[in-house]
Every structure is written in C-alpha cells, then in structure tokens.
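upload_36.tsv (TSV, C-alpha atoms) appears below.
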```tsv
chain	number	residue	atom	x	y	z
A	187	MET	CA	-11.47	-7.25	-43.29
A	188	SER	CA	-8.66	-7.62	-40.77
A	189	SER	CA	-8.65	-3.86	-40.08
A	190	SER	CA	-12.38	-3.93	-39.23
A	191	ILE	CA	-11.73	-6.84	-36.83
A	192	GLU	CA	-8.88	-4.89	-35.21
A	193	ARG	CA	-11.11	-1.79	-34.87
A	194	HIS	CA	-13.82	-3.94	-33.29
A	195	GLU	CA	-11.29	-5.42	-30.81
A	196	GLU	CA	-10.02	-1.93	-29.93
A	197	LYS	CA	-13.59	-0.73	-29.30
A	198	THR	CA	-14.24	-3.78	-27.10
A	199	LYS	CA	-11.09	-3.07	-25.06
A	200	LEU	CA	-12.07	0.60	-24.69
A	201	VAL	CA	-15.58	-0.32	-23.53
A	202	LYS	CA	-14.11	-2.73	-20.95
A	203	LYS	CA	-11.71	-0.06	-19.66
A	204	LEU	CA	-14.51	2.50	-19.40
A	205	ALA	CA	-16.69	-0.04	-17.60
A	206	GLU	CA	-13.87	-0.59	-15.09
A	207	LEU	CA	-13.37	3.14	-14.59
A	208	PHE	CA	-17.04	3.93	-14.07
A	209	ASN	CA	-17.90	0.73	-12.29
A	210	GLU	CA	-18.62	1.08	-8.60
A	211	VAL	CA	-17.81	-1.78	-6.28
A	212	THR	CA	-19.72	-2.02	-3.03
A	213	ILE	CA	-18.38	-3.20	0.31
A	214	PRO	CA	-21.25	-3.86	2.73
A	215	ILE	CA	-20.56	-3.64	6.47
A	216	ARG	CA	-22.99	-4.73	9.16
A	217	LEU	CA	-23.02	-2.70	12.39
A	218	SER	CA	-25.04	-3.71	15.43
A	219	SER	CA	-24.67	-0.11	16.68
A	220	ALA	CA	-22.88	3.09	15.66
A	221	GLU	CA	-20.41	2.65	18.54
A	222	LYS	CA	-19.10	-0.59	16.99
A	223	LEU	CA	-17.60	1.49	14.17
A	224	TYR	CA	-15.09	3.26	16.40
A	225	ASN	CA	-11.94	2.38	18.26
A	226	PRO	CA	-13.18	2.28	21.89
A	227	LEU	CA	-9.81	3.60	23.19
A	228	ASP	CA	-9.88	6.77	21.07
A	229	PRO	CA	-11.00	9.75	23.24
A	230	ALA	CA	-11.42	12.15	20.25
A	231	PRO	CA	-14.81	13.63	19.32
A	232	VAL	CA	-16.98	11.16	17.41
A	233	GLN	CA	-16.40	12.45	13.85
A	234	SER	CA	-12.63	12.54	14.44
A	235	ARG	CA	-12.37	9.11	16.03
A	236	GLU	CA	-10.43	6.26	14.50
A	237	LEU	CA	-12.38	3.36	13.08
A	238	SER	CA	-12.03	0.08	14.92
A	239	SER	CA	-9.07	-1.98	13.74
A	240	GLU	CA	-11.42	-4.88	12.85
A	241	ILE	CA	-13.49	-2.71	10.51
A	242	GLU	CA	-10.42	-1.17	8.86
A	243	ALA	CA	-8.84	-4.61	8.38
A	244	TYR	CA	-12.09	-5.98	6.93
A	245	ILE	CA	-12.39	-3.07	4.45
A	246	LEU	CA	-8.75	-3.39	3.33
A	247	LYS	CA	-9.14	-7.16	2.91
A	248	GLU	CA	-12.29	-6.70	0.80
A	249	LEU	CA	-10.53	-4.05	-1.28
A	250	GLU	CA	-7.80	-6.56	-2.22
A	251	TYR	CA	-10.26	-8.42	-4.45
A	252	LYS	CA	-11.75	-5.36	-6.16
A	253	SER	CA	-10.53	-3.72	-9.35
A	254	SER	CA	-8.02	-0.95	-8.63
A	255	LYS	CA	-9.76	1.27	-11.19
A	256	SER	CA	-13.30	0.97	-9.82
A	257	ARG	CA	-14.95	3.55	-7.62
A	258	ILE	CA	-15.70	2.31	-4.11
A	259	ALA	CA	-19.01	2.44	-2.28
A	260	ILE	CA	-19.23	1.55	1.41
A	261	ASP	CA	-22.67	0.48	2.60
A	262	PHE	CA	-23.09	0.49	6.36
A	263	ILE	CA	-26.13	-1.48	7.48
A	264	ALA	CA	-27.06	-0.72	11.07
A	265	ASP	CA	-29.95	-0.84	13.54
A	266	ASP	CA	-31.70	2.16	15.07
A	267	LEU	CA	-29.69	5.07	13.72
A	268	SER	CA	-30.69	8.70	13.90
A	269	LEU	CA	-29.99	11.18	11.08
A	270	TYR	CA	-27.24	12.60	13.31
A	271	ASP	CA	-25.61	9.14	13.57
A	272	ILE	CA	-25.74	8.73	9.80
A	273	GLU	CA	-23.94	12.03	9.15
A	274	ILE	CA	-21.41	11.35	11.90
A	275	ILE	CA	-20.63	7.87	10.49
A	276	ARG	CA	-20.02	9.36	7.03
A	277	ALA	CA	-17.79	12.11	8.43
A	278	ALA	CA	-15.89	9.70	10.70
A	279	PHE	CA	-15.24	7.31	7.81
A	280	LYS	CA	-13.94	10.07	5.51
A	281	ASN	CA	-11.83	11.66	8.27
A	282	HIS	CA	-10.34	8.30	9.27
A	283	PHE	CA	-9.07	7.44	5.79
A	284	LYS	CA	-7.95	11.01	5.10
A	285	ARG	CA	-5.83	10.79	8.27
A	286	ARG	CA	-4.57	7.33	7.27
A	287	ALA	CA	-3.55	8.65	3.82
A	288	GLN	CA	-1.72	11.61	5.39
A	289	GLU	CA	0.07	9.33	7.89
A	290	GLN	CA	1.03	6.91	5.12
A	291	LEU	CA	2.37	9.75	2.97
A	292	ILE	CA	4.59	10.89	5.86
A	293	ARG	CA	5.72	7.28	6.47
A	294	ASN	CA	6.52	6.86	2.77
A	295	ARG	CA	8.65	10.00	2.72
A	296	LYS	CA	10.53	9.03	5.90
A	297	SER	CA	11.01	5.52	4.57
A	298	LEU	CA	12.36	6.83	1.26
A	299	ARG	CA	14.90	9.07	3.04
A	300	ARG	CA	15.98	6.24	5.35
A	301	TRP	CA	16.38	3.72	2.52
A	302	LEU	CA	18.25	6.25	0.35
A	303	SER	CA	20.81	6.67	3.15
A	304	PHE	CA	21.01	2.86	3.47
A	305	LEU	CA	21.48	2.59	-0.30
A	306	PHE	CA	24.41	5.04	-0.31
A	307	LEU	CA	25.98	3.24	2.65
A	308	ALA	CA	25.47	-0.13	0.92
A	309	LEU	CA	27.06	1.17	-2.32
A	310	ALA	CA	30.06	2.44	-0.33
A	311	LEU	CA	30.38	-0.94	1.41
A	312	LEU	CA	29.99	-2.78	-1.89
A	313	SER	CA	32.78	-0.68	-3.43
A	314	LEU	CA	35.04	-1.29	-0.43
A	315	PHE	CA	34.41	-5.05	-0.34
A	316	LEU	CA	34.77	-5.45	-4.11
A	317	PHE	CA	38.06	-3.55	-3.91
A	318	LEU	CA	39.24	-5.91	-1.13
A	319	ALA	CA	38.04	-8.92	-3.14
A	320	HIS	CA	39.97	-7.69	-6.18
A	321	PHE	CA	43.04	-6.97	-4.04
A	322	PHE	CA	43.09	-10.48	-2.56
A	323	ARG	CA	42.33	-12.09	-5.94
A	324	THR	CA	45.25	-10.33	-7.68
A	325	ASN	CA	47.63	-11.07	-4.80
A	326	ALA	CA	46.49	-14.63	-4.17
A	327	ASP	CA	49.35	-16.29	-6.11
A	328	GLY	CA	47.30	-19.49	-6.13
A	329	HIS	CA	46.95	-19.53	-2.34
A	330	PRO	CA	43.50	-20.95	-1.44
A	331	PHE	CA	43.15	-18.80	1.70
A	332	PHE	CA	43.35	-15.56	-0.35
A	333	ASN	CA	40.90	-16.96	-2.90
A	334	ILE	CA	38.43	-17.70	-0.08
A	335	LEU	CA	38.92	-14.19	1.32
A	336	SER	CA	38.38	-12.69	-2.11
A	337	GLU	CA	35.10	-14.59	-2.65
A	338	SER	CA	33.93	-13.83	0.91
A	339	PHE	CA	34.44	-10.08	0.51
A	340	ALA	CA	32.60	-10.10	-2.82
A	341	ILE	CA	29.64	-11.93	-1.26
A	342	ILE	CA	29.53	-9.62	1.78
A	343	GLY	CA	29.55	-6.59	-0.53
A	344	TRP	CA	26.56	-7.83	-2.56
A	345	VAL	CA	24.69	-8.87	0.60
A	346	ALA	CA	25.12	-5.32	1.95
A	347	LEU	CA	23.22	-4.05	-1.10
A	348	TRP	CA	20.47	-6.68	-0.85
A	349	GLU	CA	17.94	-4.97	1.45
A	350	PRO	CA	18.13	-1.45	-0.02
A	351	ALA	CA	17.78	-2.93	-3.52
A	352	THR	CA	14.79	-5.03	-2.38
A	353	TYR	CA	13.10	-1.94	-0.96
A	354	PHE	CA	13.49	0.07	-4.18
A	355	LEU	CA	12.39	-2.87	-6.34
A	356	TYR	CA	9.42	-4.07	-4.26
A	357	GLY	CA	8.92	-2.35	-0.89
A	358	ARG	CA	8.35	1.14	-2.28
A	359	ASN	CA	5.58	-0.12	-4.55
A	360	ALA	CA	3.85	-1.80	-1.59
A	361	GLU	CA	3.92	1.51	0.34
A	362	ARG	CA	2.50	3.38	-2.66
A	363	ARG	CA	-0.28	0.81	-3.07
A	364	LEU	CA	-1.29	1.22	0.57
A	365	LEU	CA	-1.37	5.02	0.21
A	366	TYR	CA	-3.51	4.64	-2.93
A	367	LYS	CA	-5.95	2.38	-1.05
A	368	PHE	CA	-6.34	4.93	1.74
A	369	MET	CA	-6.90	7.72	-0.80
A	370	ARG	CA	-9.51	5.64	-2.65
A	371	LEU	CA	-11.33	4.93	0.62
A	372	HIS	CA	-11.28	8.62	1.58
A	373	HIS	CA	-13.06	9.37	-1.72
A	374	ALA	CA	-15.47	6.42	-1.42
A	375	THR	CA	-19.23	6.91	-1.52
A	376	VAL	CA	-20.51	6.18	1.98
A	377	THR	CA	-24.13	5.23	2.56
A	378	VAL	CA	-25.73	4.24	5.84
A	379	LYS	CA	-28.88	2.14	5.73
A	380	SER	CA	-31.17	0.92	8.44
A	381	SER	CA	-31.59	-2.84	8.64
A	382	CYS	CA	-35.20	-2.41	9.82
```

Take the structure in the file and give it back as structure tokens.
Amino acid sequence: MSSSIERHEEKTKLVKKLAELFNEVTIPIRLSSAEKLYNPLDPAPVQSRELSSEIEAYILKELEYKSSKSRIAIDFIADDLSLYDIEIIRAAFKNHFKRRAQEQLIRNRKSLRRWLSFLFLALALLSLFLFLAHFFRTNADGHPFFNILSESFAIIGWVALWEPATYFLYGRNAERRLLYKFMRLHHATVTVKSSC
C-alpha cells in the first residue's frame, strides 16, 4: 500500500518537473514603433543594434519571477509593422542577447582570474597576520598591549580574506545566473504581433 503511494508521489513529481521543463512563459512587450526597441545612441545597422536599456531592464525584471526551467517566449506587440520590421526585430533581439551572453562570459572569466589573484594575496596576508598574532600571543607575558596586538593582527588577517571568500561563495553564482539569463533570452521564441 505504502509503496503504491510512494510510486504515485514519484509520478506526480516527475509530471510537475516535465511540465516545468516544457512550459513556456510569455513576456509581452508593447512597442509604439519599431524604433522604440533600440538604443538611440547605437550607430550599428538595425539588426546589430543594442536594445534600449529600458526594454532590457524590463525583460530581466520579468524573468526574475519566471521558472528558471521554463522556455521563454517574447511577444512584441506593435503598431504598423512591415514584414521586414518583424524579421529585423527578431534578429536584433537574438543578436542583442547573444552579444550580452558573450560579454558576460568574458566578464566572468576576467572576474574569476582577478578574484583568484585576490584570494592568493588574501591567504598570504592571512598567514602573515596569523603568524604575527601567534608571535605576539606567545611573547605577551601577560602584557595587555601584546594581547591587543595579537587579537588585532588575527582580525586583520581574517578581514583580508573576507571579500575574496564572499565572491567565491556568492558573487560567482550571481555572475553565472546572469549569464544563464542572457543565454535563455538568446534562445527565446520571439513573436511580433500587430496591435491592429
């Protein structure tokens, strides 16, 4: 009896996971014109232009509340678009987030190298300051000044390790999540509909 209940629960979990995987979440975006999609300062050809910062920020904000396992669909709703505009909007969207993913990947690699060098420096400083703390503690002979120095060096050593440790515990995951978002958006289904 209990095994059949467990099998039923496992099937229910599997169905939920499959529903999440194959579920498509839609982010609708209203455009008054095709030009509103792009960064007005970008001189590149239309399909290679950056999206406007407002549209990118809106999409990323909407993505925060969607399941990380769902496929993404972007529905642009705009007035008076030609077939050419529709194809260009699709291409520009895909190109923008492909470029963002590539830029983020480069940033992540640079950031990792920089924080690794900070980590090694912090470990060297920690070793030095812990050695000094131990030295003053063993030679204190009950003198409060040496005890204070010992504690101070120990604290400074651990503080030196604080930021590199924070990056490897939390910051690196945040960078990876952003890269994953850009990759998901690059692979999103993009549809452009007329509001008329």

message: Please list as a PyMOL selection string every residue within 9 Å of range 292-297 of chain A, counting only C-alpha atoms and excluding residues in the same chain fewer than 3 positions away.
response: chain A and resi 287-289+300-302+358+361-362+365

statement: Arg370 in chain A proximity check over A:Phe306, A:Phe283, A:Phe317, A:Tyr356, using all atoms listed in the file: winner is A:Phe283

- prompt: When distances are computed from all atoms listed in the file, which of A:Asn209, A:Ser219, A:Tyr251, A:Leu246 shows the smallest separation from Asp266 in chain A?
  reply: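 Closest residue, counting all atoms listed in the file: A:Ser219.
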
- request: Could you check how far CA of Phe322 in chain A sits from CA of Trp344 in chain A, in Å to one decimal?
  value: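 Going from CA of Phe322 in chain A over to CA of Trp344 in chain A covers 16.7 Å.
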
field: Straight-line distance linking CA of Leu355 in chain A with CA of Phe315 in chain A, stated in Å to one decimal
entry: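 Atom-to-atom, CA of Leu355 in chain A to CA of Phe315 in chain A, that is 22.9 Å.
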
Residue neighbourhood Ile263 in chain A, 10 Å, all atoms listed in the file, exclusion window fewer than 6 positions, as a ChimeraX atom specification: /A:214-220,377-382

Please produce an output containing C-alpha atoms for each residue in the selection, written as a PDB file, in the coordinates of the input.
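Wrote it out as out.pdb, contents follow:
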```
ATOM      1  CA  PRO A 214     -21.250  -3.860   2.730  1.00  0.00           C
ATOM      2  CA  ILE A 215     -20.560  -3.640   6.470  1.00  0.00           C
ATOM      3  CA  ARG A 216     -22.990  -4.730   9.160  1.00  0.00           C
ATOM      4  CA  LEU A 217     -23.020  -2.700  12.390  1.00  0.00           C
ATOM      5  CA  SER A 218     -25.040  -3.710  15.430  1.00  0.00           C
ATOM      6  CA  SER A 219     -24.670  -0.110  16.680  1.00  0.00           C
ATOM      7  CA  ALA A 220     -22.880   3.090  15.660  1.00  0.00           C
ATOM      8  CA  THR A 377     -24.130   5.230   2.560  1.00  0.00           C
ATOM      9  CA  VAL A 378     -25.730   4.240   5.840  1.00  0.00           C
ATOM     10  CA  LYS A 379     -28.880   2.140   5.730  1.00  0.00           C
ATOM     11  CA  SER A 380     -31.170   0.920   8.440  1.00  0.00           C
ATOM     12  CA  SER A 381     -31.590  -2.840   8.640  1.00  0.00           C
ATOM     13  CA  CYS A 382     -35.200  -2.410   9.820  1.00  0.00           C
TER      14      CYS A 382
END
```

query: Skipping near chain neighbours, those fewer than 5 positions away, what residues fall within 10 Å of Ala310 in chain A using all atoms listed in the file, listed as a ChimeraX atom specification?
result: /A:304-305,315-316,343,346-347

- prompt: Just how far from CA of Tyr224 in chain A is CA of Ala243 in chain A, in Å to one decimal?
  reply: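 Value for the CA of Ala243 in chain A-CA of Tyr224 in chain A distance: 12.9 Å.
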
Nearby residues (all atoms listed in the file) at most 8 Å from Arg323 in chain A, same-chain spacing under 2 positions excluded, as an MDAnalysis selection string: chainID A and resid 319:321 325:326 332:333 336

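Of the listed residues (A:Lys367, A:Arg193, A:Arg299, A:His282), A:His282 comes nearest to Asn225 in chain A; the distances count only C-alpha atoms.
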
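Restricting the calculation to all atoms listed in the file, the smallest distance between Val376 in chain A and any of A:Lys280, A:Arg285, A:Arg363, A:His329 is found for A:Lys280.
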
message: When you look at Phe354 in chain A with a cut-off of 9 Å (counting all atoms listed in the file), what residues show up, excluding the ones that are within fewer than 5 positions of it in the same chain? I need them as a ChimeraX atom specification.
response: /A:298,301,349,359

query: Of the residues A:Tyr366, A:Leu237, A:Phe339, A:Glu196, which is the one nearest to Ala277 in chain A, using only C-alpha atoms?
result: A:Leu237

- request: Using all atoms listed in the file, find the one residue out of A:Lys222, A:Val211, A:Asp265, A:Ser254 that sits nearest to Glu242 in chain A.
  value: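 Going through A:Lys222, A:Val211, A:Asp265, A:Ser254 one by one, the smallest distance to Glu242 in chain A is for A:Lys222.
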
Box centre and edge lengths (Å, one decimal), axis-aligned, range 290-303 of chain A plus 3 Å each side, as JSON:
```
{"center_x": 10.9, "center_y": 7.3, "center_z": 3.4, "size_x": 25.8, "size_y": 13.2, "size_z": 12.1}
```
